[in-house]
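Written out below as C-alpha cells is the structure these notes cover.
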Amino acid sequence: MRMVDIIEKKRDGLTLSAEEIEFVIHGYVKGTIPDYQISAWLMAIYFVGMTDEESAALTKSMLYSGDVIDLSPIKGLKVDKHSTGGVGDKTTLILGPLVASAGAKLAKLSGRGLGHTGGTLDKLESIDGCHINLSEQAFIDQVNKINIAVAGQTAELVPADKLLYALRDVTGSVPSIPLIASSIMSKKLAAGADVICLDVKIGDGAFMKTIDDARILSRLMVNIGKSFGKIVIAFVTDMNQPLGLAVGNRLEVKEAIDTLSGHGPHDLETLCVEIGSHMIYNAKQAKTLEEAKTIAYDNLHNGKALAKFYEFITAQGGHIDDLEHFIKAKEIVEFKSKKTGYIKVIKALNIGLASMKLGGGRETKDDIIDPMVGIVLAKKIGNHVNSGETLARIYADKPISADIFDSLTEAFDIVDYPITTPPIILEIIR
Ligand code: URA
C-alpha cells in the first residue's frame with residue numbers, strides 16, 4: 001500500500017477499507033508516514049467526511065494503537081461518562097458519587113483543563129490532600145471496595161490520538177465530525193467501561209455550535225460504541241451559559257457538595273439526575289428508568305450521594321475539614337449590571353476565559369493553576385436584573401485586570417423583554 005494512493009482515494013470521495021485505515025494509523029504511530037501526508041489525509045477527511053464504517057475502523061485502529069484497560073477484575077457492569085467540554089462542568093464530581101451510592105461502578109480516567117474549559121483532575125486536586133495518581137491495581141481495588149475511583153491516565157492509552165490531535169490542532173482539521181467521534185470513542189473504549197454516557201454540549205462555550213452537528217456527532221459516537229458491543233447514550237445539552245453558577249476549581253467543588261446535599265442549581269441537578277438515572281438503570285441497579293430516576297433524585301436529597309462523595313475523597317487521600325472556610329480567595333469583587341432587563345445570553349466562553357485569566361485555568365499545558373479563584377454567577381438566563389444589581393462575583397488572588405472586566409461585560413446580553421429559561425437537556429440519542 002502507498003500512502004499517496006490512500007490520500008487520493010479519500011480526496012476523490014471514495015470509501016477507505018479498514019486495512020487502508022489501519023495502514024495509515026499504524027504507519028503514523030510507527031513513524032514511517034510523515035506529518036505532511038497525514039495532514040493532507042486529515043484535510044481530505046475534513047472535506048469529504050467518512051462513512052460510519054470508516055469511522056468505526058478508524059476508532060478501532062486508534063484504540064489498539066496503545067494499551068487498553070482491562071476492567072474485568074471489577075465485578076458487575078462498569079459505567080463511565082464523558083463531556084465534550086464545557087464551562088462550569090463539574091458533573092463528574094456529582095454523578096460519580098451519585099451513581100456509586102446507587103450501586104453502579106464508576107471507573108473513570110479523567111483529564112486536566114485547557115483554555116476556557118476545566119478538567120475533573122484539577123477540581124479534585126483543589127481539595128487538600130486529594131490525589132489522582134492511582135496504580136491500575138489500586139484503581140481497580142478502590143472501585144471494587146467503594147464503587148468509584150477517578151484517576152489520571154497511567155497506561156499509554158491511544159497514542160495515535162495524541163499524535164493526530166496535535167496535528168489537527170495546527171492544520172485546521174479539528175472540527176471534523178468523524179475525527180472528533182473517533183478521537184473521543186477510541187479513548188472511551190480504551191478505558192474499558194461497559195456503559196458510556198456522553199454529554200455532547202452545544203453553544204458558545206462548546207465544540208459543537210448547532211443542534212444538527214451535535215445530533216450527527218452523537219449518533220455517530222453511539223453507533224461506534226454499539227459496534228464494539230457497548231451501551232452508549234448521548235445527551236445533547238446546552239452550553240449557551242455556564243453549567244450551574246460556579247466556574248473555578250474549588251468553587252466548583254463547593255457547588256458539587258451543595259448539589260450532593262440537595263440544594264444545587266436547578267440545571268446542574270436536572271442534568272445529574274437525568275444522566276445518573278441512565279447510568280444506574282444500564283448498570284442494572286434499577287428495574288426501570290423511572291425507578292432509577294427516583295433513586296438518583298432521592299440519593300441527592302437523603303445524604304447517600306454526599307456520604308459517598310466524602311468516602312471517595314477520603315479514599316483518594318483528600319479531606320475537607322471546614323466547609324465554611326473552604327473558599328479562600330483573597331478578594332471577592334461584585335460585578336454589577338449597568339442595565340435593567342432580562343438576561344438573554346451569558347456567553348460561557350467569556351466566563352471561562354475570565355476565570356482562566358484570574359489564574360483558574362491554563363492558557364498553555366504547563367501553566368500552574370490557582371485552585372481558589374474563579375467566577376460565581378448571581379444570575380442565569382431568564383432572570384430579571386436591575387441596574388446596579390450583582391451579576392457575578394469574582395474570586396481573585398491578585399489585582400483584577402481590565403480585560404477580565406471586559407470579558408464579563410461582553411458575556412451578558414440583557415434585553416428589555418422576558419426570556420424563557422432554556423432546557424438543559426435538548427435531546428437523548430441512544
Ligand atoms: N475532544 C476530543 O477528545 N477529541 C476531539 O477531537 C475533540 C474533542
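All residue names refer to the C-alpha cells as shown: chains lettered A, B, ... in order, residues numbered from 1 in each chain, ligands numbered from 1 in order.
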
Could you list, with a cut-off of 8 Å and counting only C-alpha atoms and all ligand atoms, the residues of chain A near ligand 1, each shown with its nearest atom pair and the distance in Å rounded to one decimal, rows sorted by chain and ascending number, as a Markdown table?
```
| residue | atom | partner | partner_atom_place_in_ligand_line | distance |
| --- | --- | --- | --- | --- |
| A:Thr84 | CA | ligand 1 | 1 (N) | 5.7 |
| A:Gly85 | CA | ligand 1 | 1 (N) | 7.5 |
| A:Asp161 | CA | ligand 1 | 4 (N) | 7.9 |
| A:Tyr165 | CA | ligand 1 | 6 (O) | 6.4 |
| A:Val174 | CA | ligand 1 | 6 (O) | 5.9 |
| A:Pro175 | CA | ligand 1 | 6 (O) | 7.3 |
| A:Ser176 | CA | ligand 1 | 6 (O) | 7.8 |
| A:Leu179 | CA | ligand 1 | 6 (O) | 5.9 |
| A:Ile180 | CA | ligand 1 | 6 (O) | 3.5 |
| A:Ala181 | CA | ligand 1 | 6 (O) | 6.8 |
| A:Ser182 | CA | ligand 1 | 6 (O) | 7.5 |
| A:Ser183 | CA | ligand 1 | 4 (N) | 4.7 |
| A:Ile184 | CA | ligand 1 | 3 (O) | 4.4 |
| A:Lys187 | CA | ligand 1 | 3 (O) | 7.5 |
| A:Phe207 | CA | ligand 1 | 8 (C) | 7.0 |
```

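Taking range 195-314 of chain A and asking which residues DSSP calls strand (DSSP E) on the backbone, you get Val195, Ile196, Cys197, Leu198, Asp199, Val200, Lys201, Ile202, Ile231, Val232, Ile233, Ala234, Phe235, Val236, Thr237, Asp238, Ala246 and Val247 of chain A.
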
Export all heavy atoms of the chosen residues as a short mmCIF file (atom, residue, chain, number, x, y, z; two decimals), in the first residue's frame?
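Heads up, here's the output in out_6.cif:
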```cif
data_model
loop_
_atom_site.label_atom_id
_atom_site.label_comp_id
_atom_site.auth_asym_id
_atom_site.auth_seq_id
_atom_site.Cartn_x
_atom_site.Cartn_y
_atom_site.Cartn_z
N VAL A 195 -20.78 0.69 29.95
CA VAL A 195 -21.83 1.67 29.68
C VAL A 195 -21.18 3.05 29.62
O VAL A 195 -20.47 3.44 30.56
CB VAL A 195 -22.89 1.67 30.83
CG1 VAL A 195 -23.97 2.71 30.58
CG2 VAL A 195 -23.46 0.29 31.04
N ILE A 196 -21.39 3.76 28.53
CA ILE A 196 -20.73 5.07 28.37
C ILE A 196 -21.80 6.13 28.11
O ILE A 196 -22.56 6.03 27.14
CB ILE A 196 -19.74 5.03 27.18
CG1 ILE A 196 -18.69 3.93 27.40
CG2 ILE A 196 -19.07 6.38 26.98
CD1 ILE A 196 -17.89 3.56 26.14
N CYS A 197 -21.87 7.13 28.99
CA CYS A 197 -22.78 8.24 28.77
C CYS A 197 -21.98 9.43 28.26
O CYS A 197 -20.98 9.81 28.87
CB CYS A 197 -23.52 8.61 30.06
SG CYS A 197 -24.79 7.41 30.45
N LEU A 198 -22.44 10.00 27.14
CA LEU A 198 -21.71 11.10 26.52
C LEU A 198 -22.53 12.38 26.66
O LEU A 198 -23.71 12.40 26.29
CB LEU A 198 -21.50 10.81 25.03
CG LEU A 198 -20.75 9.52 24.70
CD1 LEU A 198 -20.91 9.17 23.22
CD2 LEU A 198 -19.27 9.69 25.04
N ASP A 199 -21.92 13.41 27.19
CA ASP A 199 -22.58 14.70 27.32
C ASP A 199 -22.04 15.59 26.20
O ASP A 199 -20.91 16.08 26.27
CB ASP A 199 -22.25 15.27 28.71
CG ASP A 199 -22.94 16.60 28.98
OD1 ASP A 199 -23.57 17.14 28.05
OD2 ASP A 199 -22.83 17.09 30.13
N VAL A 200 -22.84 15.74 25.14
CA VAL A 200 -22.39 16.49 23.97
C VAL A 200 -22.95 17.91 24.07
O VAL A 200 -24.15 18.13 23.95
CB VAL A 200 -22.87 15.80 22.66
CG1 VAL A 200 -22.42 16.59 21.44
CG2 VAL A 200 -22.34 14.37 22.60
N LYS A 201 -22.07 18.85 24.34
CA LYS A 201 -22.52 20.20 24.62
C LYS A 201 -22.63 21.01 23.34
O LYS A 201 -21.78 20.88 22.45
CB LYS A 201 -21.53 20.87 25.57
CG LYS A 201 -21.31 20.05 26.83
CD LYS A 201 -21.28 20.92 28.05
CE LYS A 201 -21.28 20.14 29.32
NZ LYS A 201 -22.60 19.88 29.85
N ILE A 202 -23.66 21.87 23.28
CA ILE A 202 -23.70 22.79 22.15
C ILE A 202 -23.83 24.22 22.65
O ILE A 202 -24.41 24.49 23.70
CB ILE A 202 -24.87 22.53 21.16
CG1 ILE A 202 -26.22 22.61 21.83
CG2 ILE A 202 -24.71 21.28 20.39
CD1 ILE A 202 -27.31 22.76 20.80
N ILE A 231 -22.95 -0.19 25.58
CA ILE A 231 -24.17 0.62 25.66
C ILE A 231 -23.71 2.07 25.71
O ILE A 231 -22.95 2.45 26.60
CB ILE A 231 -24.97 0.28 26.94
CG1 ILE A 231 -25.43 -1.18 26.89
CG2 ILE A 231 -26.14 1.23 27.11
CD1 ILE A 231 -26.06 -1.67 28.18
N VAL A 232 -24.12 2.83 24.71
CA VAL A 232 -23.70 4.24 24.67
C VAL A 232 -24.94 5.12 24.54
O VAL A 232 -25.81 4.86 23.71
CB VAL A 232 -22.75 4.51 23.47
CG1 VAL A 232 -22.24 5.94 23.50
CG2 VAL A 232 -21.57 3.55 23.50
N ILE A 233 -25.03 6.12 25.39
CA ILE A 233 -26.16 7.05 25.35
C ILE A 233 -25.58 8.46 25.28
O ILE A 233 -24.71 8.81 26.08
CB ILE A 233 -27.04 6.92 26.62
CG1 ILE A 233 -27.49 5.46 26.78
CG2 ILE A 233 -28.25 7.83 26.56
CD1 ILE A 233 -27.74 5.07 28.20
N ALA A 234 -26.06 9.23 24.31
CA ALA A 234 -25.55 10.61 24.18
C ALA A 234 -26.64 11.60 24.59
O ALA A 234 -27.80 11.46 24.21
CB ALA A 234 -25.11 10.87 22.75
N PHE A 235 -26.24 12.58 25.38
CA PHE A 235 -27.14 13.64 25.83
C PHE A 235 -26.67 14.93 25.17
O PHE A 235 -25.53 15.33 25.38
CB PHE A 235 -27.06 13.80 27.36
CG PHE A 235 -27.45 12.55 28.09
CD1 PHE A 235 -26.56 11.49 28.22
CD2 PHE A 235 -28.72 12.42 28.64
CE1 PHE A 235 -26.93 10.33 28.87
CE2 PHE A 235 -29.09 11.24 29.30
CZ PHE A 235 -28.20 10.20 29.41
N VAL A 236 -27.52 15.51 24.36
CA VAL A 236 -27.16 16.79 23.76
C VAL A 236 -27.60 17.87 24.74
O VAL A 236 -28.79 17.96 25.08
CB VAL A 236 -27.84 16.98 22.39
CG1 VAL A 236 -27.48 18.33 21.80
CG2 VAL A 236 -27.45 15.85 21.44
N THR A 237 -26.66 18.64 25.26
CA THR A 237 -27.01 19.57 26.34
C THR A 237 -26.54 20.99 26.03
O THR A 237 -25.62 21.20 25.24
CB THR A 237 -26.42 19.10 27.70
OG1 THR A 237 -25.01 19.28 27.69
CG2 THR A 237 -26.75 17.66 28.00
N ASP A 238 -27.19 21.92 26.69
CA ASP A 238 -26.99 23.34 26.40
C ASP A 238 -25.73 23.91 27.06
O ASP A 238 -25.52 23.71 28.25
CB ASP A 238 -28.21 24.11 26.92
CG ASP A 238 -28.12 25.59 26.61
OD1 ASP A 238 -28.05 25.93 25.42
OD2 ASP A 238 -28.07 26.40 27.56
N ALA A 246 -21.06 28.20 39.47
CA ALA A 246 -19.64 28.36 39.80
C ALA A 246 -18.72 27.93 38.66
O ALA A 246 -18.95 26.91 38.03
CB ALA A 246 -19.31 27.55 41.05
N VAL A 247 -17.67 28.73 38.43
CA VAL A 247 -16.62 28.41 37.45
C VAL A 247 -15.29 28.65 38.14
O VAL A 247 -15.01 29.78 38.58
CB VAL A 247 -16.76 29.30 36.20
CG1 VAL A 247 -15.65 28.98 35.19
CG2 VAL A 247 -18.12 29.15 35.56
#
```

Inset, instruction - Please identify all polymer residues within 12 Å of Leu189 in chain A, counting only C-alpha atoms, omitting same-chain residues fewer than 2 positions from it, and present them as an NGL selection string. - result: :A and (56 or 59-64 or 66-71 or 78-82 or 108-109 or 157-158 or 181-187 or 191-197 or 221-222 or 224-232)

message: Neighbouring residues of Ile45 in chain A were defined as those with any atom within 12 Å, considering only C-alpha atoms; residues of the same chain fewer than 5 positions away were excluded. Please report them as a ChimeraX atom specification.
response: /A:6-16,21,38-40,50-51,54-55,58,168,172-180

Store the residues picked out above in a file with N, CA, C and O atoms, as a CSV table (one decimal), in the first residue's frame.
```csv
chain,number,residue,atom,x,y,z
A,6,ILE,N,-3.8,6.3,-0.9
A,6,ILE,CA,-4.9,6.4,0.1
A,6,ILE,C,-5.4,7.9,0.3
A,6,ILE,O,-6.6,8.1,0.3
A,7,ILE,N,-4.4,8.8,0.2
A,7,ILE,CA,-4.8,10.2,0.3
A,7,ILE,C,-5.7,10.6,-1.0
A,7,ILE,O,-6.8,11.2,-0.8
A,8,GLU,N,-5.3,10.1,-2.1
A,8,GLU,CA,-6.0,10.4,-3.4
A,8,GLU,C,-7.4,9.8,-3.4
A,8,GLU,O,-8.4,10.4,-3.8
A,9,LYS,N,-7.5,8.6,-2.8
A,9,LYS,CA,-8.8,7.9,-2.8
A,9,LYS,C,-9.8,8.7,-1.9
A,9,LYS,O,-10.9,8.9,-2.3
A,10,LYS,N,-9.3,9.2,-0.8
A,10,LYS,CA,-10.2,9.9,0.1
A,10,LYS,C,-10.5,11.3,-0.5
A,10,LYS,O,-11.7,11.7,-0.6
A,11,ARG,N,-9.5,11.9,-1.1
A,11,ARG,CA,-9.7,13.2,-1.8
A,11,ARG,C,-10.8,13.1,-2.8
A,11,ARG,O,-11.6,14.0,-3.0
A,12,ASP,N,-10.8,12.0,-3.5
A,12,ASP,CA,-11.8,11.8,-4.6
A,12,ASP,C,-13.1,11.3,-4.2
A,12,ASP,O,-14.0,10.9,-5.0
A,13,GLY,N,-13.3,11.2,-2.8
A,13,GLY,CA,-14.7,10.9,-2.3
A,13,GLY,C,-14.9,9.4,-2.2
A,13,GLY,O,-16.1,9.0,-2.0
A,14,LEU,N,-13.9,8.6,-2.3
A,14,LEU,CA,-14.2,7.2,-2.2
A,14,LEU,C,-14.0,6.7,-0.7
A,14,LEU,O,-13.5,7.4,0.1
A,15,THR,N,-14.5,5.5,-0.5
A,15,THR,CA,-14.5,4.9,0.9
A,15,THR,C,-13.3,4.1,1.1
A,15,THR,O,-12.9,3.2,0.2
A,16,LEU,N,-12.6,4.3,2.2
A,16,LEU,CA,-11.4,3.6,2.5
A,16,LEU,C,-11.7,2.2,3.2
A,16,LEU,O,-12.7,2.2,4.0
A,21,ILE,N,-7.1,2.1,6.4
A,21,ILE,CA,-7.1,3.0,7.6
A,21,ILE,C,-6.1,2.5,8.6
A,21,ILE,O,-5.3,3.2,9.2
A,38,ILE,N,0.0,12.8,6.5
A,38,ILE,CA,-1.2,12.7,7.4
A,38,ILE,C,-2.0,13.9,7.4
A,38,ILE,O,-3.2,13.9,7.4
A,39,SER,N,-1.3,15.1,7.3
A,39,SER,CA,-2.1,16.4,7.3
A,39,SER,C,-3.0,16.4,6.1
A,39,SER,O,-4.1,16.8,6.2
A,40,ALA,N,-2.4,16.0,4.9
A,40,ALA,CA,-3.2,16.0,3.7
A,40,ALA,C,-4.4,15.0,3.8
A,40,ALA,O,-5.6,15.3,3.4
A,50,MET,N,-16.5,10.7,6.3
A,50,MET,CA,-16.2,9.3,6.4
A,50,MET,C,-17.6,8.6,6.6
A,50,MET,O,-18.5,9.2,7.2
A,51,THR,N,-17.7,7.4,6.1
A,51,THR,CA,-18.9,6.6,6.4
A,51,THR,C,-18.8,6.2,7.8
A,51,THR,O,-17.8,6.2,8.4
A,54,GLU,N,-16.2,3.5,8.1
A,54,GLU,CA,-14.8,4.0,8.1
A,54,GLU,C,-14.5,4.6,9.5
A,54,GLU,O,-13.4,4.4,10.0
A,55,SER,N,-15.5,5.4,10.0
A,55,SER,CA,-15.3,6.0,11.4
A,55,SER,C,-15.0,4.9,12.4
A,55,SER,O,-14.2,5.0,13.3
A,58,LEU,N,-11.6,3.5,11.9
A,58,LEU,CA,-10.6,4.5,12.4
A,58,LEU,C,-10.5,4.4,13.9
A,58,LEU,O,-9.4,4.4,14.5
A,168,ARG,N,-3.9,17.9,14.0
A,168,ARG,CA,-5.2,18.5,13.6
A,168,ARG,C,-5.3,20.0,14.2
A,168,ARG,O,-5.8,20.9,13.5
A,172,GLY,N,-5.9,22.9,11.1
A,172,GLY,CA,-7.3,23.3,10.8
A,172,GLY,C,-8.2,22.1,10.6
A,172,GLY,O,-9.3,22.3,10.0
A,173,SER,N,-7.9,21.0,11.1
A,173,SER,CA,-8.8,19.8,10.9
A,173,SER,C,-9.4,19.3,12.2
A,173,SER,O,-9.9,18.2,12.2
A,174,VAL,N,-9.5,20.1,13.3
A,174,VAL,CA,-10.1,19.7,14.5
A,174,VAL,C,-11.7,19.5,14.3
A,174,VAL,O,-12.2,18.5,14.6
A,175,PRO,N,-12.3,20.5,13.7
A,175,PRO,CA,-13.8,20.4,13.6
A,175,PRO,C,-14.4,19.5,12.6
A,175,PRO,O,-15.2,19.9,11.7
A,176,SER,N,-13.9,18.2,12.5
A,176,SER,CA,-14.4,17.3,11.6
A,176,SER,C,-15.2,16.2,12.4
A,176,SER,O,-14.6,15.6,13.3
A,177,ILE,N,-16.4,16.0,12.1
A,177,ILE,CA,-17.2,15.1,13.0
A,177,ILE,C,-16.6,13.6,13.1
A,177,ILE,O,-16.5,13.1,14.2
A,178,PRO,N,-16.3,13.0,11.9
A,178,PRO,CA,-15.7,11.6,12.1
A,178,PRO,C,-14.4,11.7,12.9
A,178,PRO,O,-14.1,10.7,13.6
A,179,LEU,N,-13.6,12.7,12.8
A,179,LEU,CA,-12.3,12.8,13.5
A,179,LEU,C,-12.6,13.0,15.0
A,179,LEU,O,-11.9,12.4,15.8
A,180,ILE,N,-13.6,13.9,15.3
A,180,ILE,CA,-13.9,14.1,16.7
A,180,ILE,C,-14.4,12.8,17.3
A,180,ILE,O,-14.0,12.3,18.4
```

_Residue contacts of range 26-28 of chain A (9 Å, only C-alpha atoms) excluding same-chain residues fewer than 2 positions away, as a ChimeraX atom specification_ = /A:21-24,30-35,38,61-62,65,160,163-164

Given the selection you just returned, output its residues as a file containing N, CA and C atoms, formatted as an mmCIF file, in the first residue's frame.
```cif
data_model
loop_
_atom_site.group_PDB
_atom_site.id
_atom_site.type_symbol
_atom_site.label_atom_id
_atom_site.label_comp_id
_atom_site.auth_asym_id
_atom_site.auth_seq_id
_atom_site.Cartn_x
_atom_site.Cartn_y
_atom_site.Cartn_z
ATOM 1 N N ILE A 21 -7.108 2.077 6.431
ATOM 2 C CA ILE A 21 -7.095 2.956 7.607
ATOM 3 C C ILE A 21 -6.062 2.458 8.619
ATOM 4 N N GLU A 22 -6.017 1.159 8.805
ATOM 5 C CA GLU A 22 -5.044 0.571 9.741
ATOM 6 C C GLU A 22 -3.605 0.864 9.258
ATOM 7 N N PHE A 23 -3.410 0.785 7.948
ATOM 8 C CA PHE A 23 -2.084 1.071 7.381
ATOM 9 C C PHE A 23 -1.657 2.504 7.753
ATOM 10 N N VAL A 24 -2.604 3.459 7.646
ATOM 11 C CA VAL A 24 -2.289 4.864 7.935
ATOM 12 C C VAL A 24 -1.942 5.046 9.420
ATOM 13 N N LYS A 30 4.136 4.456 14.103
ATOM 14 C CA LYS A 30 5.495 3.885 13.999
ATOM 15 C C LYS A 30 6.511 4.885 13.458
ATOM 16 N N GLY A 31 5.990 5.951 12.841
ATOM 17 C CA GLY A 31 6.891 6.982 12.314
ATOM 18 C C GLY A 31 7.317 6.750 10.865
ATOM 19 N N THR A 32 6.627 5.830 10.174
ATOM 20 C CA THR A 32 7.013 5.579 8.779
ATOM 21 C C THR A 32 6.208 6.440 7.792
ATOM 22 N N ILE A 33 5.155 7.081 8.279
ATOM 23 C CA ILE A 33 4.408 8.017 7.410
ATOM 24 C C ILE A 33 4.593 9.421 7.998
ATOM 25 N N PRO A 34 5.034 10.369 7.166
ATOM 26 C CA PRO A 34 5.360 11.700 7.695
ATOM 27 C C PRO A 34 4.128 12.570 7.961
ATOM 28 N N ASP A 35 4.329 13.584 8.797
ATOM 29 C CA ASP A 35 3.255 14.533 9.150
ATOM 30 C C ASP A 35 2.572 15.125 7.913
ATOM 31 N N ILE A 38 -0.003 12.798 6.510
ATOM 32 C CA ILE A 38 -1.150 12.651 7.420
ATOM 33 C C ILE A 38 -1.990 13.935 7.401
ATOM 34 N N SER A 61 -8.568 1.241 14.900
ATOM 35 C CA SER A 61 -7.110 1.343 14.699
ATOM 36 C C SER A 61 -6.494 2.241 15.764
ATOM 37 N N MET A 62 -7.177 3.335 16.095
ATOM 38 C CA MET A 62 -6.647 4.245 17.130
ATOM 39 C C MET A 62 -6.658 3.555 18.494
ATOM 40 N N SER A 65 -3.867 1.263 19.104
ATOM 41 C CA SER A 65 -2.513 1.814 18.899
ATOM 42 C C SER A 65 -1.735 1.830 20.221
ATOM 43 N N ALA A 160 -2.125 7.141 19.219
ATOM 44 C CA ALA A 160 -2.486 7.688 17.898
ATOM 45 C C ALA A 160 -3.271 8.986 18.058
ATOM 46 N N LEU A 163 -0.994 12.015 18.795
ATOM 47 C CA LEU A 163 -0.287 12.475 17.606
ATOM 48 C C LEU A 163 -1.235 13.170 16.627
ATOM 49 N N LEU A 164 -2.382 12.520 16.379
ATOM 50 C CA LEU A 164 -3.319 13.077 15.397
ATOM 51 C C LEU A 164 -3.894 14.401 15.884
#
```

So that each row is one residue of range 210-250 of chain A with an atom at most 12 Å from range 395-415 of chain A, can you give its shortest atom pair and the distance in Å to one decimal, using only C-alpha atoms, rows by chain and rising number, as a tab-separated table?
```
residue	atom	partner	partner_atom	distance
A:Asn240	CA	A:Ala411	CA	10.5
A:Gln241	CA	A:Ala411	CA	9.1
A:Pro242	CA	A:Ala411	CA	10.7
A:Ala246	CA	A:Tyr395	CA	10.4
A:Val247	CA	A:Tyr395	CA	9.9
A:Gly248	CA	A:Tyr395	CA	8.8
A:Asn249	CA	A:Tyr395	CA	11.2
A:Arg250	CA	A:Tyr395	CA	10.6
```

File dump, residues just selected, all heavy atoms, as a CSV table (one decimal), in the first residue's frame:
```
chain,number,residue,atom,x,y,z
A,240,ASN,N,-25.0,27.3,26.3
A,240,ASN,CA,-25.1,28.7,26.0
A,240,ASN,C,-25.0,29.6,27.2
A,240,ASN,O,-25.1,30.8,27.1
A,240,ASN,CB,-26.4,29.0,25.2
A,240,ASN,CG,-26.3,28.6,23.8
A,240,ASN,OD1,-25.3,29.0,23.1
A,240,ASN,ND2,-27.2,27.7,23.3
A,241,GLN,N,-24.7,29.0,28.3
A,241,GLN,CA,-24.4,29.7,29.6
A,241,GLN,C,-23.6,28.6,30.4
A,241,GLN,O,-23.7,27.4,30.2
A,241,GLN,CB,-25.6,30.2,30.3
A,241,GLN,CG,-26.6,29.1,30.8
A,241,GLN,CD,-27.8,29.7,31.5
A,241,GLN,OE1,-27.7,30.8,32.1
A,241,GLN,NE2,-28.9,28.9,31.5
A,242,PRO,N,-22.8,29.0,31.4
A,242,PRO,CA,-22.1,28.0,32.2
A,242,PRO,C,-23.1,27.1,32.8
A,242,PRO,O,-24.2,27.5,33.1
A,242,PRO,CB,-21.3,28.9,33.2
A,242,PRO,CG,-21.2,30.2,32.5
A,242,PRO,CD,-22.4,30.4,31.7
A,246,ALA,N,-21.1,28.2,39.5
A,246,ALA,CA,-19.6,28.4,39.8
A,246,ALA,C,-18.7,27.9,38.7
A,246,ALA,O,-19.0,26.9,38.0
A,246,ALA,CB,-19.3,27.5,41.1
A,247,VAL,N,-17.7,28.7,38.4
A,247,VAL,CA,-16.6,28.4,37.5
A,247,VAL,C,-15.3,28.7,38.1
A,247,VAL,O,-15.0,29.8,38.6
A,247,VAL,CB,-16.8,29.3,36.2
A,247,VAL,CG1,-15.7,29.0,35.2
A,247,VAL,CG2,-18.1,29.2,35.6
A,248,GLY,N,-14.5,27.6,38.2
A,248,GLY,CA,-13.2,27.8,39.0
A,248,GLY,C,-13.1,26.5,39.9
A,248,GLY,O,-14.2,26.1,40.4
A,249,ASN,N,-11.9,26.0,40.1
A,249,ASN,CA,-11.8,24.7,40.7
A,249,ASN,C,-12.4,24.4,42.0
A,249,ASN,O,-13.4,23.6,42.2
A,249,ASN,CB,-10.3,24.3,40.6
A,249,ASN,CG,-9.8,24.2,39.2
A,249,ASN,OD1,-10.2,23.3,38.5
A,249,ASN,ND2,-9.1,25.2,38.8
A,250,ARG,N,-12.0,25.1,43.1
A,250,ARG,CA,-12.5,24.9,44.4
A,250,ARG,C,-14.0,25.4,44.5
A,250,ARG,O,-14.8,24.8,45.2
A,250,ARG,CB,-11.7,25.5,45.5
A,250,ARG,CG,-11.9,24.8,46.8
A,250,ARG,CD,-11.0,25.3,47.8
A,250,ARG,NE,-9.9,24.4,48.1
A,250,ARG,CZ,-9.4,24.3,49.3
A,250,ARG,NH1,-9.8,25.0,50.3
A,250,ARG,NH2,-8.4,23.4,49.5
```

- Task: Using only C-alpha atoms, determine which residues lie at most 8 Å from range 111-113 of chain A, disregarding the query and same-chain residues fewer than 5 positions distant; provide the list as JSON, numbers by chain.
- Result: {"A": [118, 119, 120, 121, 122, 152, 153, 361, 362]}

At a cut-off of 6 Å, using only C-alpha atoms, what residues contact Glu389 in chain A? Leave out same-chain residues fewer than 3 positions from it and give the result as a PyMOL selection string.
chain A and resi 336-337+386

Of A:Ile94, A:Cys130, A:Ala315, A:Ala44, the one nearest to Gln142 in chain A when counting only C-alpha atoms is A:Ala315

Could you give me, as JSON, numbers by chain, each residue of range 157-329 of chain A that DSSP assigns to helix (DSSP H, G or I) when run on this structure's backbone? {"A": [159, 160, 161, 162, 163, 164, 165, 166, 167, 168, 169, 170, 171, 177, 178, 179, 180, 181, 182, 183, 184, 185, 186, 187, 188, 189, 190, 211, 212, 213, 214, 215, 216, 217, 218, 219, 220, 221, 222, 223, 224, 225, 226, 227, 249, 250, 251, 252, 253, 254, 255, 256, 257, 258, 259, 260, 266, 267, 268, 269, 270, 271, 272, 273, 274, 275, 276, 277, 278, 279, 280, 281, 282, 289, 290, 291, 292, 293, 294, 295, 296, 297, 298, 299, 300, 301, 304, 305, 306, 307, 308, 309, 310, 311, 312, 313, 314, 315, 323, 324, 325]}

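Taking CA of Lys330 in chain A and CA of Asp258 in chain A as endpoints, the distance between them is 22.0 Å.
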
What separates CA of Met1 in chain A and CA of Lys162 in chain A is a distance of 24.4 Å

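In this structure, CA of Ala348 in chain A sits 6.2 Å away from CA of Asp204 in chain A.
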
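The nearest approach to Lys90 in chain A among the residues A:Asp141, A:Asp367, A:Asp298, A:Glu269, with only C-alpha atoms taken into account, belongs to A:Glu269.
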
Judged by only C-alpha atoms, the minimum distance to Met279 in chain A among A:Lys293, A:Ala354, A:Leu134, A:Ala206 is found for A:Lys293

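For the set A:Gly88, A:Pro97, A:Pro73, A:Gly382, the residue with the smallest atom-to-atom gap to Lys308 in chain A is A:Pro97, counting only C-alpha atoms.
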
One residue among A:Leu114, A:Gly244, A:Glu363, A:Thr288 is nearest to Ile375 in chain A when using only C-alpha atoms, and that residue is A:Gly244

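Distance annotation: of A:Gly359, A:Gly276, A:Gly388, A:Gly129, the residue with the minimal separation from Gly318 in chain A is A:Gly129; atom set is only C-alpha atoms.
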